[in-house]
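Presented below is the structure to which this report refers.
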Amino acid sequence: MNEDSLIHEIAMELYDAQKEKRAISSIVDTQAIDLSLDQAYHVQEALIQLKRMHGSRVLAPKLGLTSEAKMTQMGVNQPIYGYIFADGSVGDTILVDNYIHPKIEAEIVVTLAKDMMGPVTAEDVAKNVSAVFSGVEIIDSRYEDFKFQLQDVVADNTSASGYYLSEQAFALEDIDIESETAQILVNGEVISNGQGSNVLGSPINALVSLINQLAKRGESVKAGQPILTGALGQAVTLNSGDSIQVKFQNLESLHFTVK
Ligand code: 0L1
């Protein structure tokens, strides 16, 4: 099989797994396919193209593996990126049947006042932040038990599945996003604790990484795109019947019912 056909075939497999809410085994480990990181991003592009052809609209690029722990585990020294889609928006009720084995992460979400193309510095980015929101990301790896290699998770669009953004927005100067904390409580019990500095030292650094990585493929981050900058703490598994509170220290706290 030539490289293009292989890339398309893997993208199709991931697309079908998401559509049919069925976990598949790691492509790299189990199917013994030797993908480079570049090829994994080509699979991701093909997957995004398939989703577009079926009516989904890309809302914004996003980061994955922004914590030191996840980067070490995956053997990388910078985060990876993927995309969220407009139809991934969730309301305050999350339906587990829409996913394979969803987890929720607390994140700081940032919008920019104008398009930015790398190379950029943290100073450039901070000057251009138009608003800061709280949010959550729903991650739902298409791989069994969330077991994957780096190339697998890149190909699988960084497990991206859904998101929620707060209504309340803050100016960057009114919030210390590095010390901002978030807890995730399930049925009243704290399951996850995190803080902005867990995201590459600051969510602004995460945005710098995203803008600079996207520049290598000629893409910019656009004004107003809500950028999920990465998980503040551990992801939490969602089970039907759960009541989830995501308590931010200063940003808007969020509440979800899982059905
Ligand atoms: O925030 C993230 O790190 C996104 C998820 C990355 C992959 C995963 O843990 O499923």
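Each chain in the structure tokens gets a letter, A, B, ..., in the order shown, and its residues are numbered from 1; ligands are numbered from 1 in order too.
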Within 10 Å of range 130-141 of chain A, which residues of range 3-80 of chain A show up? Give each one with its shortest atom-to-atom distance in Å (one decimal) and the two atoms involved, counting only C-alpha atoms, rows by chain then rising residue number, as CSV.
```
residue,atom,partner,partner_atom,distance
A:Leu14,CA,A:Ser141,CA,9.8
A:Ala17,CA,A:Ser141,CA,9.8
A:Gln18,CA,A:Asp140,CA,8.8
A:Lys21,CA,A:Asp140,CA,9.6
A:Ala23,CA,A:Ser141,CA,7.9
A:Ile24,CA,A:Ser141,CA,9.4
A:Lys62,CA,A:Glu137,CA,9.9
A:Gly64,CA,A:Ile139,CA,9.9
```
Pull N, CA and C atoms from the residues just selected and write them as a PDB file, in the first residue's frame.
```pdb
ATOM      1  N   LEU A  14     -10.166   5.736  12.151  1.00  0.00           N
ATOM      2  CA  LEU A  14     -10.418   6.602  13.316  1.00  0.00           C
ATOM      3  C   LEU A  14     -11.764   7.309  13.181  1.00  0.00           C
ATOM      4  N   ALA A  17     -14.448   4.786  13.977  1.00  0.00           N
ATOM      5  CA  ALA A  17     -14.455   4.464  15.410  1.00  0.00           C
ATOM      6  C   ALA A  17     -15.208   5.537  16.179  1.00  0.00           C
ATOM      7  N   GLN A  18     -14.960   6.804  15.823  1.00  0.00           N
ATOM      8  CA  GLN A  18     -15.659   7.895  16.527  1.00  0.00           C
ATOM      9  C   GLN A  18     -17.159   7.862  16.201  1.00  0.00           C
ATOM     10  N   LYS A  21     -18.739   4.944  17.865  1.00  0.00           N
ATOM     11  CA  LYS A  21     -18.459   4.930  19.324  1.00  0.00           C
ATOM     12  C   LYS A  21     -17.882   3.589  19.744  1.00  0.00           C
ATOM     13  N   ALA A  23     -14.116   1.562  20.413  1.00  0.00           N
ATOM     14  CA  ALA A  23     -12.667   1.748  20.601  1.00  0.00           C
ATOM     15  C   ALA A  23     -11.891   0.792  19.695  1.00  0.00           C
ATOM     16  N   ILE A  24     -10.772   1.264  19.204  1.00  0.00           N
ATOM     17  CA  ILE A  24      -9.906   0.418  18.369  1.00  0.00           C
ATOM     18  C   ILE A  24      -8.552   0.255  19.080  1.00  0.00           C
ATOM     19  N   LYS A  62      -6.256  23.396  19.099  1.00  0.00           N
ATOM     20  CA  LYS A  62      -6.137  23.190  20.547  1.00  0.00           C
ATOM     21  C   LYS A  62      -4.867  22.415  20.855  1.00  0.00           C
ATOM     22  N   GLY A  64      -2.668  19.542  23.250  1.00  0.00           N
ATOM     23  CA  GLY A  64      -2.761  18.322  24.051  1.00  0.00           C
ATOM     24  C   GLY A  64      -1.399  18.038  24.656  1.00  0.00           C
TER      25      GLY A  64
END
```
Report task. Name the residues, by chain letter and number, that sit within 7 Å of ligand 1 using only C-alpha atoms and all ligand atoms, and give them as a VMD selection string. Result -> chain A and resid 63 to 66 70 105 139 to 141 146 153 158 to 160 230 to 231
Query raised in the report: Which of range 14-171 of chain A counts as strand (DSSP E or B) under DSSP, as JSON, numbers by chain please?
Result: {"A": [24, 58, 59, 60, 61, 62, 63, 64, 80, 81, 82, 83, 84, 85, 89, 93, 94, 103, 104, 105, 106, 107, 108, 109, 110, 111, 112, 116, 129, 130, 131, 132, 133, 134, 135, 136, 137, 138, 139, 143, 160, 161, 162, 163, 164, 165, 170]}
Keeping only C-alpha atoms, write the selected residues to a file as a tab-separated table (two decimals), in the first residue's frame.
```tsv
chain	number	residue	atom	x	y	z
A	24	ILE	CA	-9.91	0.42	18.37
A	58	VAL	CA	-13.40	23.46	12.60
A	59	LEU	CA	-13.80	25.96	15.42
A	60	ALA	CA	-10.24	26.30	16.66
A	61	PRO	CA	-6.89	24.57	17.06
A	62	LYS	CA	-6.14	23.19	20.55
A	63	LEU	CA	-3.28	21.73	22.51
A	64	GLY	CA	-2.76	18.32	24.05
A	80	ILE	CA	0.87	18.31	20.39
A	81	TYR	CA	-2.03	20.02	18.67
A	82	GLY	CA	-5.37	19.13	17.16
A	83	TYR	CA	-8.68	20.85	16.44
A	84	ILE	CA	-12.07	21.26	18.06
A	85	PHE	CA	-15.20	21.31	15.94
A	89	SER	CA	-20.07	21.99	21.88
A	93	THR	CA	-26.01	17.92	30.24
A	94	ILE	CA	-23.38	15.57	28.83
A	103	LYS	CA	-13.25	12.18	30.36
A	104	ILE	CA	-13.48	15.84	31.35
A	105	GLU	CA	-10.64	18.31	31.84
A	106	ALA	CA	-10.70	21.81	33.35
A	107	GLU	CA	-9.02	24.33	31.06
A	108	ILE	CA	-8.33	28.04	30.69
A	109	VAL	CA	-9.58	29.30	27.34
A	110	VAL	CA	-8.14	32.36	25.65
A	111	THR	CA	-9.15	34.44	22.63
A	112	LEU	CA	-6.90	36.78	20.67
A	116	MET	CA	-1.25	35.69	15.07
A	129	VAL	CA	-5.20	38.44	24.43
A	130	SER	CA	-8.75	39.78	24.12
A	131	ALA	CA	-10.44	37.61	26.77
A	132	VAL	CA	-9.97	34.74	29.20
A	133	PHE	CA	-12.73	32.19	29.87
A	134	SER	CA	-13.06	29.03	31.90
A	135	GLY	CA	-13.92	25.90	30.02
A	136	VAL	CA	-13.80	22.17	29.86
A	137	GLU	CA	-12.64	19.78	27.23
A	138	ILE	CA	-14.24	16.38	26.75
A	139	ILE	CA	-11.54	13.97	25.64
A	143	TYR	CA	-8.15	3.78	21.45
A	160	ALA	CA	-10.56	15.92	21.05
A	161	SER	CA	-14.29	15.36	21.34
A	162	GLY	CA	-16.16	18.21	22.96
A	163	TYR	CA	-15.91	21.44	24.87
A	164	TYR	CA	-17.81	23.96	26.93
A	165	LEU	CA	-16.93	27.64	27.35
A	170	PHE	CA	-12.19	38.30	31.99
```
**Report entry** Near-Asn187 in chain A list (10 Å; only C-alpha atoms; drop same-chain fewer than 3 positions) as a ChimeraX atom specification
**Finding:** /A:184,190-191,241-245,257
Report task. Any chance you could list, as a PyMOL selection string, the residues in range 23-118 of chain A that come up helix (DSSP H, G or I) when DSSP is run on the backbone? Result -> chain A and resi 37-53+68-74+86-88+96-98
Convert the current residue selection to file output with N, CA and C atoms, as a tab-separated table (two decimals), in the first residue's frame.
```
chain	number	residue	atom	x	y	z
A	37	LEU	N	6.11	11.13	13.21
A	37	LEU	CA	5.22	12.15	13.76
A	37	LEU	C	4.60	12.97	12.62
A	38	ASP	N	5.37	13.26	11.60
A	38	ASP	CA	4.84	13.99	10.43
A	38	ASP	C	3.70	13.22	9.77
A	39	GLN	N	3.92	11.93	9.61
A	39	GLN	CA	2.86	11.10	8.99
A	39	GLN	C	1.61	11.08	9.88
A	40	ALA	N	1.84	11.06	11.22
A	40	ALA	CA	0.69	11.07	12.13
A	40	ALA	C	-0.11	12.36	11.95
A	41	TYR	N	0.59	13.48	11.78
A	41	TYR	CA	-0.14	14.74	11.52
A	41	TYR	C	-0.85	14.69	10.16
A	42	HIS	N	-0.27	13.97	9.20
A	42	HIS	CA	-0.98	13.82	7.90
A	42	HIS	C	-2.26	13.01	8.08
A	43	VAL	N	-2.21	11.99	8.97
A	43	VAL	CA	-3.44	11.23	9.24
A	43	VAL	C	-4.46	12.18	9.88
A	44	GLN	N	-3.98	13.00	10.84
A	44	GLN	CA	-4.90	13.94	11.50
A	44	GLN	C	-5.55	14.86	10.46
A	45	GLU	N	-4.74	15.38	9.51
A	45	GLU	CA	-5.29	16.26	8.46
A	45	GLU	C	-6.36	15.53	7.65
A	46	ALA	N	-6.07	14.27	7.32
A	46	ALA	CA	-7.03	13.49	6.51
A	46	ALA	C	-8.31	13.25	7.31
A	47	LEU	N	-8.15	13.02	8.62
A	47	LEU	CA	-9.32	12.81	9.49
A	47	LEU	C	-10.17	14.09	9.55
A	48	ILE	N	-9.50	15.22	9.67
A	48	ILE	CA	-10.21	16.50	9.75
A	48	ILE	C	-10.93	16.78	8.43
A	49	GLN	N	-10.26	16.42	7.34
A	49	GLN	CA	-10.88	16.58	6.02
A	49	GLN	C	-12.14	15.72	5.91
A	50	LEU	N	-12.07	14.49	6.43
A	50	LEU	CA	-13.25	13.60	6.40
A	50	LEU	C	-14.40	14.21	7.20
A	51	LYS	N	-14.07	14.75	8.38
A	51	LYS	CA	-15.11	15.34	9.23
A	51	LYS	C	-15.73	16.56	8.53
A	52	ARG	N	-14.89	17.35	7.87
A	52	ARG	CA	-15.40	18.51	7.14
A	52	ARG	C	-16.35	18.07	6.02
A	53	MET	N	-15.92	17.01	5.30
A	53	MET	CA	-16.74	16.51	4.18
A	53	MET	C	-18.11	16.04	4.68
A	68	GLU	N	3.80	18.54	32.16
A	68	GLU	CA	5.12	17.90	32.20
A	68	GLU	C	4.95	16.39	32.25
A	69	ALA	N	3.99	15.94	33.11
A	69	ALA	CA	3.80	14.50	33.32
A	69	ALA	C	3.42	13.81	32.01
A	70	LYS	N	2.46	14.39	31.27
A	70	LYS	CA	2.02	13.74	30.03
A	70	LYS	C	3.11	13.79	28.96
A	71	MET	N	3.87	14.91	28.93
A	71	MET	CA	4.94	15.01	27.92
A	71	MET	C	6.02	13.96	28.20
A	72	THR	N	6.37	13.80	29.48
A	72	THR	CA	7.37	12.81	29.85
A	72	THR	C	6.88	11.42	29.47
A	73	GLN	N	5.62	11.16	29.83
A	73	GLN	CA	5.05	9.83	29.54
A	73	GLN	C	5.10	9.51	28.04
A	74	MET	N	4.89	10.54	27.21
A	74	MET	CA	4.85	10.33	25.76
A	74	MET	C	6.21	10.58	25.10
A	86	ALA	N	-17.06	22.87	15.81
A	86	ALA	CA	-18.22	23.61	16.34
A	86	ALA	C	-19.28	22.64	16.87
A	87	ASP	N	-19.47	21.50	16.21
A	87	ASP	CA	-20.52	20.58	16.66
A	87	ASP	C	-20.11	19.75	17.88
A	88	GLY	N	-18.92	20.02	18.42
A	88	GLY	CA	-18.49	19.33	19.65
A	88	GLY	C	-18.95	20.06	20.91
A	96	VAL	N	-23.22	10.42	27.89
A	96	VAL	CA	-22.08	9.51	27.70
A	96	VAL	C	-22.25	8.65	26.44
A	97	ASP	N	-23.51	8.42	26.05
A	97	ASP	CA	-23.73	7.59	24.86
A	97	ASP	C	-23.22	8.25	23.58
A	98	ASN	N	-22.91	9.54	23.66
A	98	ASN	CA	-22.36	10.22	22.47
A	98	ASN	C	-20.87	9.92	22.30
```
**Report entry** Nearby residues (only C-alpha atoms) at most 10 Å from Phe148 in chain A, same-chain spacing under 2 positions excluded, as a list in words
**Finding:** Ser25, Ser26, Ile27, Val28, Asp29, Thr30, Met74, Ser141, Arg142, Tyr143, Glu144, Asp145, Phe146, Leu150, Gln151, Asp152, Val153, Val154 and Asp156 of chain A
Report task. Within 10 Å of Thr181 in chain A, counting only C-alpha atoms, which residues show up once you throw out same-chain ones fewer than 6 positions away? Write them as a PyMOL selection string, please. Result -> chain A and resi 106-108+193-198+232-233+247-251
**Report entry** Atom-to-atom span, CA of His8 in chain A and CA of Val90 in chain A, Å
**Finding:**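 CA of His8 in chain A sits 28.8 Å away from CA of Val90 in chain A.
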Polymer residues at most 8 Å from range 213-220 of chain A, only C-alpha atoms, same-chain spacing of 5 or more positions, as a compact mmCIF listing (two decimals) with N, CA and C atoms, in the first residue's frame:
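The result, written out as around.txt:
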```
# COMPACT_ATOMS: atom_id res chain seq x y z
N ASP A 115 -5.37 38.08 14.47
CA ASP A 115 -4.72 36.84 14.01
C ASP A 115 -3.24 36.88 14.39
N MET A 116 -2.69 35.74 14.78
CA MET A 116 -1.25 35.69 15.07
C MET A 116 -0.60 34.51 14.37
N MET A 117 0.49 34.81 13.70
CA MET A 117 1.28 33.79 12.99
C MET A 117 2.67 33.77 13.62
N GLY A 118 3.19 32.59 13.90
CA GLY A 118 4.51 32.48 14.52
C GLY A 118 5.61 32.87 13.56
N PRO A 119 6.83 33.14 14.07
CA PRO A 119 7.22 32.98 15.46
C PRO A 119 6.75 34.14 16.36
```
